[in-house]
$ cat coords_20.txt   # compact mmCIF, C-alpha atoms and all ligand atoms
# COMPACT_ATOMS: atom_id res chain seq x y z
CA MET A 1 76.73 61.92 88.10
CA PHE A 2 75.55 64.56 90.60
CA ASN A 3 76.58 68.21 91.05
CA THR A 4 78.47 69.86 93.92
CA GLU A 5 77.52 73.31 95.23
CA PHE A 6 79.09 75.40 97.99
CA ILE A 7 76.34 76.40 100.41
CA ALA A 8 78.05 77.86 103.52
CA PHE A 9 81.35 79.31 104.74
CA ASP A 10 82.57 80.04 108.27
CA SER A 11 85.77 80.57 110.22
CA TYR A 12 87.08 80.93 113.75
CA ALA A 13 90.35 82.32 115.10
CA PRO A 14 91.41 82.17 118.75
CA PRO A 15 90.96 85.62 120.34
CA ARG A 16 94.60 86.25 121.40
CA VAL A 17 96.25 88.53 118.82
CA VAL A 18 100.06 88.58 118.76
CA THR A 19 101.58 91.50 116.86
CA ASN A 20 105.01 91.68 115.25
CA ASP A 21 106.04 94.03 118.06
CA ASP A 22 104.95 91.41 120.61
CA LEU A 23 107.23 88.87 118.86
CA SER A 24 110.16 91.27 118.93
CA LYS A 25 110.05 90.85 122.72
CA LEU A 26 110.49 87.06 122.36
CA VAL A 27 113.09 86.82 119.58
CA ASP A 28 115.52 89.13 117.76
CA THR A 29 113.18 90.44 115.07
CA SER A 30 111.24 93.57 114.14
CA ASP A 31 107.93 94.64 112.67
CA GLU A 32 109.90 96.08 109.74
CA TRP A 33 111.60 92.72 108.92
CA ILE A 34 108.45 90.63 109.26
CA SER A 35 106.12 93.00 107.36
CA SER A 36 108.53 93.68 104.52
CA ARG A 37 109.56 90.00 104.01
CA THR A 38 106.17 88.36 104.52
CA GLY A 39 103.27 90.86 104.61
CA ILE A 40 102.30 89.62 108.09
CA SER A 41 101.36 92.20 110.77
CA GLN A 42 99.79 89.95 113.39
CA ARG A 43 98.54 86.41 113.96
CA HIS A 44 96.04 84.74 116.29
CA ILE A 45 97.59 82.33 118.80
CA SER A 46 95.70 79.77 120.84
CA GLU A 47 95.85 80.13 124.61
CA GLY A 48 94.77 76.51 125.01
CA GLU A 49 92.05 75.74 122.48
CA ASN A 50 93.17 72.70 120.52
CA THR A 51 92.54 72.02 116.83
CA SER A 52 89.35 70.01 117.49
CA GLU A 53 87.85 72.84 119.57
CA ILE A 54 88.52 75.29 116.74
CA CYS A 55 86.95 72.84 114.27
CA ILE A 56 83.87 72.36 116.45
CA LYS A 57 83.24 76.14 116.51
CA VAL A 58 83.60 76.21 112.72
CA ALA A 59 81.25 73.23 112.26
CA GLU A 60 78.62 74.78 114.55
CA GLY A 61 78.79 77.98 112.51
CA LEU A 62 78.47 76.02 109.27
CA LEU A 63 75.35 74.20 110.50
CA LYS A 64 73.78 77.51 111.45
CA LYS A 65 74.62 79.18 108.14
CA SER A 66 73.58 76.23 105.97
CA GLY A 67 70.36 75.54 107.90
CA LEU A 68 71.20 71.82 107.83
CA ALA A 69 70.44 69.60 110.81
CA PRO A 70 73.38 67.60 112.20
CA ASP A 71 71.86 64.31 111.01
CA GLU A 72 71.80 65.60 107.40
CA ILE A 73 75.62 65.74 107.31
CA ASP A 74 76.98 62.49 105.88
CA LEU A 75 80.69 63.34 105.54
CA ILE A 76 83.16 65.35 107.64
CA ILE A 77 86.75 65.88 106.50
CA VAL A 78 89.30 67.86 108.48
CA ALA A 79 92.57 68.86 106.82
CA THR A 80 95.25 69.43 109.46
CA ILE A 81 98.88 68.75 110.34
CA THR A 82 98.25 69.60 114.01
CA PRO A 83 95.54 67.17 115.21
CA ASP A 84 94.86 66.80 118.96
CA PHE A 85 95.50 63.04 118.80
CA ALA A 86 96.97 60.44 116.43
CA THR A 87 93.62 58.77 117.02
CA PRO A 88 90.74 59.59 117.32
CA ASN A 89 90.93 61.80 114.28
CA THR A 90 89.84 65.42 114.56
CA ALA A 91 86.83 64.91 112.28
CA CYS A 92 85.43 62.23 114.63
CA LEU A 93 85.75 64.66 117.56
CA VAL A 94 83.75 67.17 115.50
CA GLN A 95 81.17 64.53 114.56
CA ALA A 96 80.56 63.67 118.23
CA ALA A 97 80.40 67.31 119.35
CA ILE A 98 77.84 68.39 116.76
CA GLY A 99 75.85 65.13 116.85
CA ALA A 100 76.31 64.32 113.16
CA GLU A 101 75.46 60.69 113.77
CA ASN A 102 75.05 59.80 110.07
CA ALA A 103 78.44 61.13 108.98
CA PHE A 104 81.64 59.22 108.42
CA ALA A 105 84.61 61.31 109.40
CA PHE A 106 88.34 61.37 108.73
CA ASP A 107 91.35 63.70 108.62
CA ILE A 108 93.77 64.27 105.77
CA SER A 109 97.36 65.51 106.06
CA ALA A 110 98.63 67.62 103.18
CA ALA A 111 99.83 70.75 105.03
CA CYS A 112 99.02 73.96 103.17
CA SER A 113 97.39 72.07 100.28
CA GLY A 114 95.16 70.22 102.74
CA PHE A 115 91.96 72.18 102.15
CA VAL A 116 92.28 72.00 98.34
CA PHE A 117 92.83 68.23 98.48
CA ALA A 118 90.02 67.74 101.05
CA SER A 119 87.50 69.73 99.01
CA SER A 120 88.44 67.61 95.97
CA ILE A 121 87.71 64.43 97.95
CA ALA A 122 84.34 65.77 99.14
CA ASP A 123 83.45 66.74 95.57
CA LYS A 124 83.99 63.14 94.41
CA TYR A 125 81.87 61.65 97.22
CA ILE A 126 79.07 64.07 96.30
CA LYS A 127 79.37 63.64 92.52
CA SER A 128 79.37 59.83 92.86
CA GLY A 129 76.10 59.97 94.81
CA MET A 130 77.63 58.51 97.96
CA CYS A 131 77.16 61.70 100.03
CA LYS A 132 74.77 64.64 99.99
CA ASN A 133 76.16 67.09 102.53
CA ALA A 134 79.83 67.37 103.48
CA ILE A 135 81.53 69.58 106.04
CA VAL A 136 85.12 70.26 104.94
CA ILE A 137 87.35 72.08 107.42
CA GLY A 138 90.98 73.22 107.39
CA ALA A 139 92.28 73.97 110.88
CA GLU A 140 95.60 74.27 112.68
CA THR A 141 97.20 75.04 116.00
CA LEU A 142 100.62 75.53 114.44
CA SER A 143 101.73 77.36 117.60
CA LYS A 144 102.18 73.96 119.28
CA ILE A 145 104.75 72.77 116.71
CA VAL A 146 106.55 76.09 116.22
CA ASN A 147 109.86 76.64 118.00
CA TRP A 148 109.23 79.93 119.80
CA GLU A 149 113.00 80.52 120.02
CA ASP A 150 113.53 80.26 116.23
CA ARG A 151 112.95 83.66 114.64
CA THR A 152 113.14 82.22 111.13
CA THR A 153 109.88 80.28 111.64
CA CYS A 154 107.97 81.54 114.70
CA VAL A 155 107.11 84.85 113.03
CA LEU A 156 105.41 83.16 110.07
CA PHE A 157 102.63 81.02 111.50
CA GLY A 158 99.27 81.45 113.23
CA ASP A 159 96.33 79.40 114.55
CA GLY A 160 92.77 79.20 113.24
CA GLY A 161 90.25 77.20 111.32
CA ALA A 162 87.57 77.54 108.68
CA GLY A 163 85.38 75.43 106.50
CA VAL A 164 82.66 75.03 103.95
CA VAL A 165 79.53 72.98 103.45
CA MET A 166 79.55 71.24 100.06
CA SER A 167 76.21 69.73 99.03
CA ARG A 168 74.52 67.92 96.18
CA GLY A 169 72.81 70.66 94.13
CA GLU A 170 71.47 71.81 90.79
CA ARG A 171 74.66 73.39 89.44
CA ASN A 172 78.19 72.01 89.09
CA CYS A 173 80.32 74.43 91.13
CA TYR A 174 83.52 72.36 91.39
CA LEU A 175 84.60 72.88 87.81
CA ALA A 176 88.21 71.72 87.42
CA GLU A 177 91.28 70.79 89.43
CA ASP A 178 95.02 70.20 89.19
CA MET A 179 96.79 68.36 92.04
CA HIS A 180 100.46 67.38 92.52
CA SER A 181 103.07 66.19 95.02
CA ASP A 182 106.87 66.00 95.04
CA GLY A 183 107.96 63.88 97.98
CA SER A 184 111.60 64.16 96.93
CA LEU A 185 111.65 67.67 98.44
CA GLY A 186 109.58 66.67 101.48
CA LEU A 187 112.34 66.97 104.07
CA ARG A 188 112.83 70.67 103.20
CA LEU A 189 109.71 71.38 105.29
CA THR A 190 109.01 69.11 108.24
CA GLY A 191 106.63 69.36 111.18
CA GLY A 192 108.13 67.10 113.83
CA GLU A 193 109.50 63.57 113.54
CA THR A 194 108.91 60.68 115.93
CA LYS A 195 111.56 57.94 115.89
CA VAL A 196 110.74 54.30 116.54
CA ARG A 197 111.44 53.81 120.25
CA ASN A 198 110.28 50.51 121.68
CA ALA A 199 111.43 47.40 123.53
CA TYR A 200 113.66 46.49 120.55
CA SER A 201 114.89 49.88 119.38
CA ALA A 202 116.45 52.84 121.18
CA PRO A 203 117.65 55.35 118.57
CA GLU A 204 120.37 57.75 119.63
CA GLU A 205 118.85 60.76 117.93
CA ALA A 206 116.10 62.62 119.76
CA ASP A 207 112.68 63.15 118.21
CA ARG A 208 112.31 66.44 116.34
CA ARG A 209 109.37 68.33 117.83
CA TYR A 210 109.30 71.47 115.77
CA LEU A 211 108.47 72.77 112.37
CA GLU A 212 111.68 73.14 110.34
CA MET A 213 111.82 74.80 106.96
CA ASP A 214 114.30 75.65 104.25
CA GLY A 215 112.49 78.90 103.47
CA ARG A 216 114.38 79.73 100.30
CA THR A 217 113.64 76.31 98.71
CA ILE A 218 109.96 76.60 99.62
CA PHE A 219 109.88 80.12 98.19
CA ASN A 220 111.41 78.95 94.89
CA PHE A 221 109.17 75.85 94.71
CA SER A 222 106.01 77.92 95.28
CA THR A 223 106.79 80.65 92.79
CA LYS A 224 107.55 78.03 90.11
CA ARG A 225 104.76 75.50 90.74
CA VAL A 226 101.77 77.73 91.60
CA PRO A 227 101.56 79.75 88.37
CA ALA A 228 102.13 76.56 86.33
CA SER A 229 99.32 74.82 88.21
CA ILE A 230 96.91 77.73 87.69
CA ASN A 231 97.69 77.72 83.96
CA ILE A 232 97.08 73.94 83.72
CA LEU A 233 93.80 74.40 85.59
CA LEU A 234 92.59 77.17 83.29
CA ASP A 235 93.55 75.12 80.21
CA LYS A 236 91.55 72.17 81.53
CA ALA A 237 88.53 74.43 82.05
CA GLY A 238 88.93 76.20 78.69
CA LEU A 239 89.14 79.58 80.46
CA THR A 240 91.68 82.37 80.76
CA ILE A 241 92.75 84.22 83.89
CA ASP A 242 90.48 87.11 82.79
CA ASP A 243 87.46 84.83 83.36
CA ILE A 244 88.37 84.49 87.05
CA ASP A 245 87.01 86.95 89.62
CA TYR A 246 89.53 86.16 92.38
CA VAL A 247 92.50 83.92 92.96
CA VAL A 248 92.47 82.78 96.60
CA PRO A 249 95.99 81.54 97.36
CA HIS A 250 97.33 79.81 100.43
CA GLN A 251 98.44 82.74 102.58
CA ALA A 252 102.12 81.86 103.04
CA ASN A 253 103.90 85.05 102.13
CA SER A 254 102.80 88.16 100.22
CA ARG A 255 106.08 88.14 98.32
CA ILE A 256 105.34 84.66 96.93
CA VAL A 257 101.97 85.91 95.70
CA GLU A 258 103.57 89.01 94.13
CA VAL A 259 105.85 86.76 92.05
CA VAL A 260 102.92 84.49 91.12
CA ALA A 261 100.88 87.54 90.03
CA LYS A 262 103.74 88.77 87.87
CA LYS A 263 104.15 85.36 86.22
CA LEU A 264 100.41 85.21 85.47
CA GLY A 265 100.47 88.77 84.15
CA ILE A 266 97.79 90.05 86.55
CA SER A 267 97.76 92.63 89.31
CA MET A 268 97.81 91.82 93.03
CA ASP A 269 94.25 93.10 93.47
CA ARG A 270 93.00 89.98 91.67
CA PHE A 271 94.29 87.94 94.64
CA TYR A 272 92.36 87.87 97.89
CA MET A 273 94.82 88.32 100.76
CA ASN A 274 94.31 88.37 104.53
CA ILE A 275 97.79 87.23 105.59
CA ALA A 276 98.38 90.57 107.37
CA SER A 277 95.83 89.62 110.04
CA TYR A 278 96.36 85.86 110.41
CA GLY A 279 99.86 84.88 109.19
CA ASN A 280 100.32 81.45 107.62
CA THR A 281 97.65 79.10 109.04
CA SER A 282 98.50 76.20 106.69
CA ALA A 283 95.37 74.13 105.89
CA ALA A 284 93.13 76.84 107.38
CA SER A 285 94.32 79.75 105.28
CA ILE A 286 92.25 79.25 102.11
CA PRO A 287 88.91 78.58 103.86
CA MET A 288 89.62 81.47 106.29
CA ALA A 289 90.00 83.73 103.26
CA LEU A 290 86.81 82.32 101.71
CA ALA A 291 84.85 82.91 104.93
CA GLN A 292 86.10 86.50 105.12
CA MET A 293 85.18 87.07 101.46
CA ASP A 294 81.72 85.71 102.24
CA ARG A 295 81.34 88.13 105.19
CA GLU A 296 82.44 90.98 102.90
CA GLY A 297 79.77 90.05 100.33
CA LEU A 298 82.32 89.10 97.64
CA LEU A 299 80.96 85.58 97.08
CA LYS A 300 77.90 86.08 94.89
CA LYS A 301 76.17 83.38 92.87
CA GLY A 302 78.30 82.86 89.74
CA THR A 303 81.54 84.30 91.20
CA LYS A 304 84.45 82.26 89.81
CA LEU A 305 87.42 81.55 92.07
CA VAL A 306 90.71 79.74 91.73
CA ILE A 307 91.86 78.32 95.06
CA THR A 308 95.51 77.30 95.12
CA GLY A 309 97.41 75.61 97.95
CA PHE A 310 101.12 74.74 98.27
CA GLY A 311 103.43 73.58 101.03
CA GLY A 312 104.56 70.60 103.08
CA GLY A 313 104.90 67.24 101.37
CA LEU A 314 105.75 68.97 99.15
CA THR A 315 102.24 69.28 97.79
CA TRP A 316 100.43 71.75 95.60
CA GLY A 317 97.07 71.95 93.92
CA SER A 318 94.50 74.31 92.44
CA ALA A 319 90.76 74.09 91.94
CA LEU A 320 88.34 76.20 89.94
CA ILE A 321 85.11 76.76 91.83
CA GLU A 322 81.98 78.78 91.19
CA ILE A 323 79.80 80.08 93.97
N1 LIG A 401 113.71 88.69 111.96
C1 LIG A 401 114.87 89.26 111.58
N2 LIG A 401 115.78 88.66 110.80
C2 LIG A 401 115.50 87.42 110.38
C3 LIG A 401 114.30 86.74 110.73
C4 LIG A 401 113.40 87.43 111.56
N3 LIG A 401 112.22 86.88 111.93
N4 LIG A 401 114.30 85.53 110.14
C5 LIG A 401 115.44 85.42 109.46
N5 LIG A 401 116.18 86.56 109.60
C6 LIG A 401 117.47 86.88 109.03
C7 LIG A 401 118.27 85.66 108.67
O1 LIG A 401 118.96 85.16 109.81
C8 LIG A 401 119.18 86.19 107.61
O2 LIG A 401 120.24 86.86 108.23
P1 LIG A 401 121.74 86.72 107.65
O3 LIG A 401 121.67 87.30 106.25
O4 LIG A 401 122.53 87.54 108.61
O5 LIG A 401 122.03 85.25 107.66
C9 LIG A 401 118.33 87.23 106.88
O6 LIG A 401 117.27 87.56 107.78
C10 LIG A 401 117.74 86.73 105.58
O7 LIG A 401 117.18 85.42 105.79
P2 LIG A 401 116.54 84.60 104.63
O8 LIG A 401 116.09 83.27 105.16
O9 LIG A 401 117.45 84.63 103.43
O10 LIG A 401 115.26 85.50 104.31
P3 LIG A 401 114.30 85.40 103.10
O11 LIG A 401 114.30 86.70 102.41
O12 LIG A 401 114.50 84.15 102.30
O13 LIG A 401 112.89 85.26 103.82
C11 LIG A 401 111.19 83.62 104.39
C12 LIG A 401 112.61 84.12 104.66
C13 LIG A 401 110.22 84.73 104.73
C14 LIG A 401 110.93 82.43 105.30
C15 LIG A 401 111.08 83.22 102.91
O14 LIG A 401 112.11 82.36 102.54
C16 LIG A 401 109.77 82.52 102.62
O15 LIG A 401 108.71 83.12 102.65
N6 LIG A 401 109.80 81.23 102.30
C17 LIG A 401 108.57 80.48 102.04
C18 LIG A 401 107.92 80.07 103.31
C19 LIG A 401 106.58 79.45 103.01
O16 LIG A 401 105.90 79.84 102.10
N7 LIG A 401 106.19 78.44 103.72
C20 LIG A 401 104.91 77.85 103.34
C21 LIG A 401 104.81 76.51 103.62
S1 LIG A 401 104.52 76.29 105.32
C22 LIG A 401 103.69 74.85 105.49
O17 LIG A 401 103.44 74.13 104.59
C23 LIG A 401 103.30 74.43 106.92

$ encode --input "coords_20.txt" --output "structure tokens" --more "lines below"
Ligand code: ACO
Amino acid sequence: MFNTEFIAFDSYAPPRVVTNDDLSKLVDTSDEWISSRTGISQRHISEGENTSEICIKVAEGLLKKSGLAPDEIDLIIVATITPDFATPNTACLVQAAIGAENAFAFDISAACSGFVFASSIADKYIKSGMCKNAIVIGAETLSKIVNWEDRTTCVLFGDGGAGVVMSRGERNCYLAEDMHSDGSLGLRLTGGETKVRNAYSAPEEADRRYLEMDGRTIFNFSTKRVPASINILLDKAGLTIDDIDYVVPHQANSRIVEVVAKKLGISMDRFYMNIASYGNTSAASIPMALAQMDREGLLKKGTKLVITGFGGGLTWGSALIEI
């Protein structure tokens, strides 16, 4: 069995910043409501760049930072619920744009757990010896599936992307994981539904274009499942929360993280948060936080992190990684 190391981090957010005050001109809301209920102050919204274009910028940055040539990449995974096309997948669009001719490339769909699940898949390809260098990206243009007239959802989400290069190395840096799904609650958080409409079927109901969420159920699910998952993860690794330098949670809502912190018996400053600047970017949020931590010099060799994702599916999962 081989070892997996993390060798580069990068992120990209579309330049257009939309503040809470900007949103209060579109829907009946206020900076006070959004900040106090969610911790979000602003988000980046695409003015046309699609998910693949965001991913390509991230992949180009990752090649530069890792020093790898495009033909050394043998796996590209993109986690997204907002791909440009049903097919080709986003990862193939990235492969073509960066000239990674030796890579095989596919997308996975697990909403806000997408990056955690995708990094787990890449780890297995590397540990089995099948791949040496993987680009793993989480990216979304959630703005295209948000109903901009629905104040209960449009204030929560943002656009962006980020990723990592995971490579065969000397040290094992993907130390433990804990992954789950509960499809029985799946319809409490949906991102569009396309009915079967063909020569033999003409359903009366219209397709549902937009993201719809039972916020209270998702809040309760997250605050119950995330601390339990982190505890299972630490048990598997034979560590305690005191051994962890930072918990990097999916950036859904500061209030969810406050409850998780309380249940784990640790203070909020052990969690890395950047939700104030980006909102909830689903699959992109954890790698965007990692890339920002890297820019801030927080990711030193030996730093231990718990990454924990939760959301649509419903899905949730945590991984223990060492830089
Ligand atoms: N501005 C002003 N008022 C608002 C807004 C808004 N943007 N949105 C809702 N309200 C109102 C409601 O209409 C309601 O008014 P009412 O009492 O007169 O009916 C009141 O505020 C309270 O609404 P609630 O929905 O009860 O507010 P709550 O405190 O539950 O907060 C929130 C809502 C922020 C969505 C919360 O439930 C939450 O964070 N849920 C989790 C969301 C999440 O984590 N999603 C992650 C997964 S996303 C993914 O996987 C793609």

$ atom_distance --input "coords_20.txt" --atom1 "CA of Asn102 in chain A" --atom2 "CA of Asp71 in chain A"
5.6 Å

$ atom_distance --input "coords_20.txt" --atom1 "atom O2 of ligand LIG 401 (chain A)" --atom2 "CA of Gly311 in chain A"
22.6 Å

$ residues_around --input "coords_20.txt" --residues "Trp316 in chain A" --least-positions-apart "2" --cutoff "10 Å" --atoms "all atoms listed in the file" --output "PyMOL selection string"
chain A and resi 110-114+116-117+178-182+221-222+225-226+229+250+308-314+318

$ residues_near_ligand --input "coords_20.txt" --ligand "ligand LIG 401 (chain A)" --cutoff "7 Å" --atoms "only C-alpha atoms and all ligand atoms" --output "list in words"
Asp28, Thr29, Ser30, Trp33, Ile34, Arg37, Thr38, Ala111, Cys112, Arg151, Thr152, Thr153, Val155, Leu189, Gly215, Arg216, Ile218, Phe219, Ala252, Asn253, Ile256, Ser282, Phe310, Gly311 and Gly312 of chain A

$ closest_residue --input "coords_20.txt" --among "A:Ala91, A:Leu75, A:Ala202, A:Ala162" --to "Pro287 in chain A" --atoms "all atoms listed in the file"
A:Ala162

$ atom_distance --input "coords_20.txt" --atom1 "CA of Gly138 in chain A" --atom2 "CA of Ser11 in chain A"
9.4 Å

$ closest_residue --input "coords_20.txt" --among "A:Val27, A:Ile40, A:Ala13, A:Ile126" --to "Met288 in chain A" --atoms "all atoms listed in the file"
A:Ala13

$ closest_residue --input "coords_20.txt" --among "A:Ala289, A:Leu239, A:Leu234, A:Ile244" --to "Lys304 in chain A" --atoms "only C-alpha atoms"
A:Ile244

$ closest_residue --input "coords_20.txt" --among "A:Thr281, A:Asn3, A:Val247, A:Gln42" --to "Asp21 in chain A" --atoms "only C-alpha atoms"
A:Gln42

$ decode --input "coords_20.txt" --residues "range 38-48 of chain A" --atoms "all heavy atoms" --output "JSON list (two decimals), in the first residue's frame"
[["chain", "number", "residue", "atom", "x", "y", "z"],
["A", 38, "THR", "N", -26.82, 33.62, 10.29],
["A", 38, "THR", "CA", -25.96, 32.73, 9.49],
["A", 38, "THR", "C", -24.46, 33.03, 9.62],
["A", 38, "THR", "O", -23.65, 32.17, 9.28],
["A", 38, "THR", "CB", -26.29, 32.85, 7.98],
["A", 38, "THR", "OG1", -25.88, 34.15, 7.53],
["A", 38, "THR", "CG2", -27.77, 32.66, 7.70],
["A", 39, "GLY", "N", -24.09, 34.25, 10.00],
["A", 39, "GLY", "CA", -22.68, 34.64, 10.01],
["A", 39, "GLY", "C", -22.18, 35.12, 8.66],
["A", 39, "GLY", "O", -20.99, 35.42, 8.50],
["A", 40, "ILE", "N", -23.07, 35.19, 7.68],
["A", 40, "ILE", "CA", -22.65, 35.61, 6.31],
["A", 40, "ILE", "C", -22.76, 37.13, 6.17],
["A", 40, "ILE", "O", -23.78, 37.73, 6.53],
["A", 40, "ILE", "CB", -23.54, 34.91, 5.25],
["A", 40, "ILE", "CG1", -23.42, 33.39, 5.35],
["A", 40, "ILE", "CG2", -23.17, 35.41, 3.84],
["A", 40, "ILE", "CD1", -24.49, 32.63, 4.57],
["A", 41, "SER", "N", -21.69, 37.76, 5.63],
["A", 41, "SER", "CA", -21.72, 39.21, 5.36],
["A", 41, "SER", "C", -21.82, 39.50, 3.87],
["A", 41, "SER", "O", -22.38, 40.50, 3.45],
["A", 41, "SER", "CB", -20.45, 39.88, 5.86],
["A", 41, "SER", "OG", -20.25, 39.60, 7.21],
["A", 42, "GLN", "N", -21.18, 38.64, 3.08],
["A", 42, "GLN", "CA", -21.16, 38.82, 1.63],
["A", 42, "GLN", "C", -20.92, 37.47, 0.97],
["A", 42, "GLN", "O", -20.60, 36.49, 1.65],
["A", 42, "GLN", "CB", -20.04, 39.78, 1.23],
["A", 42, "GLN", "CG", -18.66, 39.26, 1.66],
["A", 42, "GLN", "CD", -17.51, 40.08, 1.09],
["A", 42, "GLN", "OE1", -17.51, 41.29, 1.21],
["A", 42, "GLN", "NE2", -16.56, 39.41, 0.47],
["A", 43, "ARG", "N", -21.10, 37.41, -0.33],
["A", 43, "ARG", "CA", -20.79, 36.21, -1.10],
["A", 43, "ARG", "C", -20.31, 36.66, -2.47],
["A", 43, "ARG", "O", -20.57, 37.79, -2.89],
["A", 43, "ARG", "CB", -21.99, 35.24, -1.21],
["A", 43, "ARG", "CG", -23.16, 35.66, -2.03],
["A", 43, "ARG", "CD", -24.04, 36.76, -1.42],
["A", 43, "ARG", "NE", -24.75, 36.40, -0.21],
["A", 43, "ARG", "CZ", -24.92, 37.22, 0.83],
["A", 43, "ARG", "NH1", -24.41, 38.47, 0.80],
["A", 43, "ARG", "NH2", -25.58, 36.86, 1.89],
["A", 44, "HIS", "N", -19.60, 35.77, -3.18],
["A", 44, "HIS", "CA", -19.17, 36.06, -4.54],
["A", 44, "HIS", "C", -20.18, 35.41, -5.49],
["A", 44, "HIS", "O", -20.53, 34.24, -5.30],
["A", 44, "HIS", "CB", -17.76, 35.50, -4.80],
["A", 44, "HIS", "CG", -16.69, 36.23, -4.05],
["A", 44, "HIS", "ND1", -15.70, 36.96, -4.67],
["A", 44, "HIS", "CD2", -16.47, 36.37, -2.71],
["A", 44, "HIS", "CE1", -14.91, 37.50, -3.75],
["A", 44, "HIS", "NE2", -15.36, 37.15, -2.55],
["A", 45, "ILE", "N", -20.61, 36.18, -6.49],
["A", 45, "ILE", "CA", -21.62, 35.66, -7.43],
["A", 45, "ILE", "C", -21.08, 35.78, -8.85],
["A", 45, "ILE", "O", -20.58, 36.84, -9.26],
["A", 45, "ILE", "CB", -22.95, 36.46, -7.28],
["A", 45, "ILE", "CG1", -23.55, 36.25, -5.86],
["A", 45, "ILE", "CG2", -23.95, 36.06, -8.36],
["A", 45, "ILE", "CD1", -24.00, 34.85, -5.51],
["A", 46, "SER", "N", -21.20, 34.69, -9.58],
["A", 46, "SER", "CA", -20.70, 34.67, -10.96],
["A", 46, "SER", "C", -21.51, 35.61, -11.85],
["A", 46, "SER", "O", -22.74, 35.62, -11.80],
["A", 46, "SER", "CB", -20.80, 33.24, -11.51],
["A", 46, "SER", "OG", -20.54, 33.26, -12.89],
["A", 47, "GLU", "N", -20.78, 36.35, -12.70],
["A", 47, "GLU", "CA", -21.48, 37.16, -13.70],
["A", 47, "GLU", "C", -21.43, 36.45, -15.06],
["A", 47, "GLU", "O", -21.54, 37.08, -16.09],
["A", 47, "GLU", "CB", -20.84, 38.54, -13.78],
["A", 47, "GLU", "CG", -21.12, 39.36, -12.54],
["A", 47, "GLU", "CD", -20.51, 40.75, -12.61],
["A", 47, "GLU", "OE1", -19.27, 40.85, -12.60],
["A", 47, "GLU", "OE2", -21.28, 41.72, -12.68],
["A", 48, "GLY", "N", -21.24, 35.15, -15.04],
["A", 48, "GLY", "CA", -21.25, 34.40, -16.30],
["A", 48, "GLY", "C", -20.29, 33.22, -16.30],
["A", 48, "GLY", "O", -20.50, 32.26, -17.05]]
